[in-house]
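data-v9.tsv (TSV, C-alpha atoms) appears below.
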chain	number	residue	atom	x	y	z
U	1055	MET	CA	83.69	-184.61	-46.40
U	1056	ALA	CA	80.94	-182.38	-47.63
U	1057	THR	CA	80.15	-182.23	-51.32
U	1058	HIS	CA	78.46	-179.14	-52.75
U	1059	HIS	CA	77.35	-178.19	-56.19
U	1060	ARG	CA	79.44	-175.31	-57.44
U	1061	THR	CA	76.37	-173.10	-57.76
U	1062	THR	CA	74.62	-174.02	-54.50
U	1063	GLY	CA	75.19	-170.55	-53.03
U	1064	ARG	CA	73.70	-168.80	-56.09
U	1065	ARG	CA	70.34	-170.55	-56.22
U	1066	SER	CA	67.42	-168.30	-56.84
U	1067	ALA	CA	64.13	-168.63	-55.02
U	1068	ALA	CA	62.47	-169.57	-58.29
U	1069	ALA	CA	62.71	-173.13	-59.55
U	1070	ALA	CA	65.25	-173.71	-62.29
U	1071	ASP	CA	63.53	-173.39	-65.63
U	1072	VAL	CA	66.62	-172.75	-67.76
U	1073	ILE	CA	70.03	-174.43	-67.61
U	1074	THR	CA	73.21	-173.96	-69.61
U	1075	TYR	CA	74.63	-176.65	-71.86
U	1076	ARG	CA	78.34	-176.37	-72.65
U	1077	LEU	CA	80.00	-178.24	-75.50
U	1078	ASP	CA	83.63	-177.49	-76.29
U	1079	ASP	CA	83.89	-173.69	-75.93
U	1080	LYS	CA	80.26	-172.89	-76.77
U	1081	MET	CA	77.45	-172.40	-74.24
U	1082	MET	CA	73.70	-172.33	-74.84
U	1083	TYR	CA	70.69	-171.75	-72.57
U	1084	VAL	CA	68.10	-174.50	-72.87
U	1085	PRO	CA	64.85	-175.22	-71.07
U	1086	LEU	CA	65.24	-177.65	-68.18
U	1087	ASP	CA	63.46	-180.92	-68.88
U	1088	PHE	CA	63.33	-183.73	-66.34
U	1089	ASN	CA	63.02	-186.38	-69.04
U	1090	TRP	CA	66.41	-187.61	-70.29
U	1091	GLY	CA	65.25	-188.04	-73.88
U	1092	GLU	CA	63.89	-184.49	-73.99
U	1093	ALA	CA	67.04	-183.10	-72.34
U	1094	LEU	CA	69.09	-184.84	-75.02
U	1095	ARG	CA	66.78	-183.45	-77.71
U	1096	HIS	CA	67.39	-179.93	-76.37
U	1097	ALA	CA	71.13	-180.56	-76.55
U	1098	ARG	CA	70.90	-181.75	-80.15
U	1099	ARG	CA	68.90	-178.65	-81.09
U	1100	ALA	CA	71.38	-176.36	-79.34
U	1101	PHE	CA	74.45	-177.96	-80.90
U	1102	GLU	CA	74.28	-179.06	-84.51
U	1103	LYS	CA	77.40	-181.18	-83.92
U	1104	LEU	CA	75.29	-183.59	-81.81
U	1105	ALA	CA	72.64	-184.17	-84.47
U	1106	LYS	CA	74.12	-187.35	-85.93
U	1107	ILE	CA	76.00	-188.61	-82.86
U	1108	ASP	CA	74.70	-191.85	-81.33
U	1109	GLU	CA	73.07	-190.98	-78.00
U	1110	LYS	CA	75.21	-193.59	-76.21
U	1111	ARG	CA	78.25	-191.42	-77.01
U	1112	ILE	CA	76.75	-188.25	-75.49
U	1113	THR	CA	77.25	-187.73	-71.77
U	1114	PHE	CA	76.21	-184.97	-69.39
U	1115	SER	CA	78.14	-183.96	-66.29
U	1116	VAL	CA	78.17	-181.28	-63.59
U	1117	ASN	CA	81.10	-179.72	-61.79
U	1118	ILE	CA	81.26	-180.05	-58.02
U	1119	VAL	CA	83.62	-178.88	-55.29
U	1120	LYS	CA	84.64	-181.62	-52.85
U	1121	GLU	CA	87.13	-180.86	-50.09
U	1122	GLY	CA	88.24	-177.74	-51.96
U	1123	GLN	CA	88.88	-179.61	-55.21
U	1124	ARG	CA	86.82	-179.20	-58.38
U	1125	SER	CA	85.66	-182.39	-59.97
U	1126	SER	CA	83.35	-183.44	-62.78
U	1127	VAL	CA	80.56	-185.93	-62.10
U	1128	GLY	CA	78.82	-187.71	-64.96
U	1129	ILE	CA	75.05	-188.03	-65.02
U	1130	THR	CA	73.56	-191.30	-66.22
U	1131	PRO	CA	70.22	-191.29	-68.05
U	1132	SER	CA	68.59	-193.08	-65.10
U	1133	ALA	CA	69.83	-190.40	-62.66
U	1134	TRP	CA	68.96	-187.40	-64.84
U	1135	GLN	CA	65.49	-186.73	-63.35
U	1136	SER	CA	66.80	-186.73	-59.79
U	1137	VAL	CA	69.84	-184.58	-60.61
U	1138	ALA	CA	67.79	-182.18	-62.75
U	1139	SER	CA	65.42	-181.54	-59.84
U	1140	HIS	CA	68.38	-180.12	-57.85
U	1141	LEU	CA	69.93	-177.96	-60.56
U	1142	ALA	CA	70.19	-174.21	-60.11
U	1143	ARG	CA	68.85	-171.78	-62.67
U	1144	TYR	CA	71.49	-171.34	-65.42
U	1145	GLU	CA	73.64	-174.13	-63.98
U	1146	ILE	CA	76.18	-175.44	-66.46
U	1147	ILE	CA	75.85	-178.99	-67.74
U	1148	ASP	CA	78.94	-180.09	-69.62
U	1149	ILE	CA	78.36	-182.26	-72.67
U	1150	THR	CA	81.03	-184.73	-73.73
U	1151	ILE	CA	81.17	-186.86	-76.84
U	1152	THR	CA	82.98	-190.12	-76.22
U	1153	PRO	CA	85.17	-191.35	-79.08
U	1154	GLU	CA	83.61	-193.71	-81.57
U	1155	VAL	CA	85.04	-197.21	-81.55
U	1156	ILE	CA	85.16	-198.71	-85.02
U	1157	VAL	CA	85.79	-202.42	-85.42
U	1158	THR	CA	86.47	-203.51	-88.97
U	1159	ASP	CA	86.75	-206.93	-90.54
U	1160	THR	CA	86.25	-209.01	-87.40
U	1161	ASP	CA	86.33	-212.25	-89.43
U	1162	ALA	CA	89.79	-211.62	-90.86
U	1163	PRO	CA	92.60	-213.81	-89.56
U	1164	PRO	CA	95.49	-212.17	-87.70
U	1165	PRO	CA	98.25	-210.77	-89.88
U	1166	ARG	CA	101.03	-213.12	-91.03
U	1167	TYR	CA	104.59	-211.96	-90.95
U	1168	SER	CA	107.23	-213.47	-93.17
U	1169	TYR	CA	110.95	-213.40	-92.74
U	1170	SER	CA	113.77	-214.73	-94.82
U	1171	VAL	CA	116.87	-216.40	-93.46
U	1172	GLU	CA	119.87	-217.03	-95.62
U	1173	LYS	CA	121.09	-220.57	-95.26
U	1174	GLY	CA	123.97	-220.80	-92.82
U	1175	ASN	CA	123.60	-217.16	-91.79
U	1176	SER	CA	120.79	-217.44	-89.26
U	1177	SER	CA	121.33	-215.85	-85.88
U	1178	VAL	CA	119.42	-218.78	-84.40
U	1179	GLU	CA	121.84	-221.22	-86.03
U	1180	ALA	CA	124.80	-219.17	-84.85
U	1181	ARG	CA	123.53	-219.27	-81.27
U	1182	ARG	CA	122.96	-223.00	-81.48
U	1183	ARG	CA	126.52	-223.60	-82.74
U	1184	SER	CA	128.08	-221.42	-80.06
U	1185	ARG	CA	126.46	-223.27	-77.19
U	1186	SER	CA	128.28	-226.01	-75.40
U	1187	PRO	CA	126.38	-229.07	-74.36
U	1188	SER	CA	124.94	-228.83	-70.87
U	1189	PRO	CA	127.04	-230.56	-68.24
U	1190	ALA	CA	125.62	-233.89	-67.18
U	1191	LEU	CA	124.56	-234.13	-63.59
U	1192	SER	CA	125.66	-237.10	-61.60
U	1193	THR	CA	122.96	-239.60	-60.87
U	1194	THR	CA	124.85	-241.31	-58.08
U	1195	SER	CA	123.15	-241.77	-54.78
U	1196	ASN	CA	125.87	-239.80	-53.02
U	1197	SER	CA	123.88	-236.84	-51.65
U	1198	SER	CA	126.97	-234.63	-51.38
U	1199	SER	CA	127.51	-234.68	-55.16
U	1200	LYS	CA	123.82	-234.81	-56.17
U	1201	LEU	CA	122.60	-231.29	-57.01
U	1202	ASN	CA	125.26	-229.65	-54.91
U	1203	PRO	CA	124.87	-226.00	-55.91
U	1204	LYS	CA	128.60	-225.35	-55.88
U	1205	ARG	CA	129.27	-228.32	-58.18
U	1206	VAL	CA	126.40	-227.44	-60.51
U	1207	LEU	CA	127.67	-223.87	-60.86
U	1208	GLN	CA	131.23	-225.09	-61.40
U	1209	ARG	CA	130.09	-227.49	-64.13
U	1210	LEU	CA	128.05	-224.74	-65.80
U	1211	TYR	CA	131.01	-222.39	-65.69
U	1212	ASN	CA	133.36	-225.02	-67.12
U	1213	GLY	CA	130.83	-225.79	-69.86
U	1214	LEU	CA	130.68	-222.14	-70.92
U	1215	THR	CA	134.43	-221.64	-71.17

As structure tokens, how would this structure be written, given the file I've shared?
Amino acid sequence: MATHHRTTGRRSAAAADVITYRLDDKMMYVPLDFNWGEALRHARRAFEKLAKIDEKRITFSVNIVKEGQRSSVGITPSAWQSVASHLARYEIIDITITPEVIVTDTDAPPPRYSYSVEKGNSSVEARRRSRSPSPALSTTSNSSSKLNPKRVLQRLYNGLT
């Protein structure tokens, strides 16, 4: 179960000094910085779209190959320095903007729905009128008649017809 960075085989002898940020279909070379805040600043400079996006909505990720399958792995701010120290020159860092969640009017009560029922024409009333009273169960101490499933079903059937 070996996991390899996609670019592991293409590493140059020189330390990575430039990486590639990719956002949507656009790619930009940026200097590699081991500080998360500076790395984010480089991303904002490279992509104008990120300028006014809250940093909590911006995520970085790398693509890996695990057991022959490509996969994307997110990089948290606290892991950035460690991950950055293992990046290859020109390695692609994908940038994703998570959707903004907007909560409005949190103090408002839940919506109220109204319905009108014409007198005597309610489907609830119609169902109530069509029901027969439930059959009374015997309360005798005779255990053969008390809650005998066959008798209960027979009484229910007779009550419905």

I'd like the interatomic distance between CA of Asn1089 in chain U and CA of Ile1129 in chain U, to a tenth of an Å.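 Taking CA of Asn1089 in chain U as the start and CA of Ile1129 in chain U as the end point, the length is 12.8 Å.
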
Pick from U:Arg1143, U:Lys1110, U:Arg1124, U:Lys1103: nearest to Val1084 in chain U, with all atoms listed in the file counted?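 Of U:Arg1143, U:Lys1110, U:Arg1124, U:Lys1103, the one nearest Val1084 in chain U is U:Arg1143, counting all atoms listed in the file.
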
Show me the residues close to (68.9, -184.8, -76.0) - anything with an atom within 12 Å, counting only C-alpha atoms - and format the list as a ChimeraX atom specification. /U:1075,1084-1102,1104-1114,1131,1134,1149

CA of Glu1145 in chain U and CA of Val1119 in chain U, how far apart in Å?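 According to the coordinates, CA of Val1119 in chain U and CA of Glu1145 in chain U are separated by 14.1 Å.
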
So which one's closest to Ile1073 in chain U, U:Thr1158, U:Ser1139, U:Ser1168, U:Ser1125? Using all atoms listed in the file, please. U:Ser1139

Box time for range 1093-1106 of chain U: axis-aligned, enclosing all its listed atoms, 4 Å extra on each side; report centre and edge lengths in Å to one decimal, as lines of an AutoDock Vina configuration file.
center_x = 72.1
center_y = -181.9
center_z = -79.1
size_x = 18.6
size_y = 19.0
size_z = 21.6

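Straight-line separation from CA of Ser1115 in chain U to CA of Ile1146 in chain U: 8.7 Å.
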
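Shortest separation to Arg1076 in chain U among U:Gly1213, U:Val1116, U:Thr1130, U:Glu1121 occurs at residue U:Val1116, atoms counted being all atoms listed in the file.
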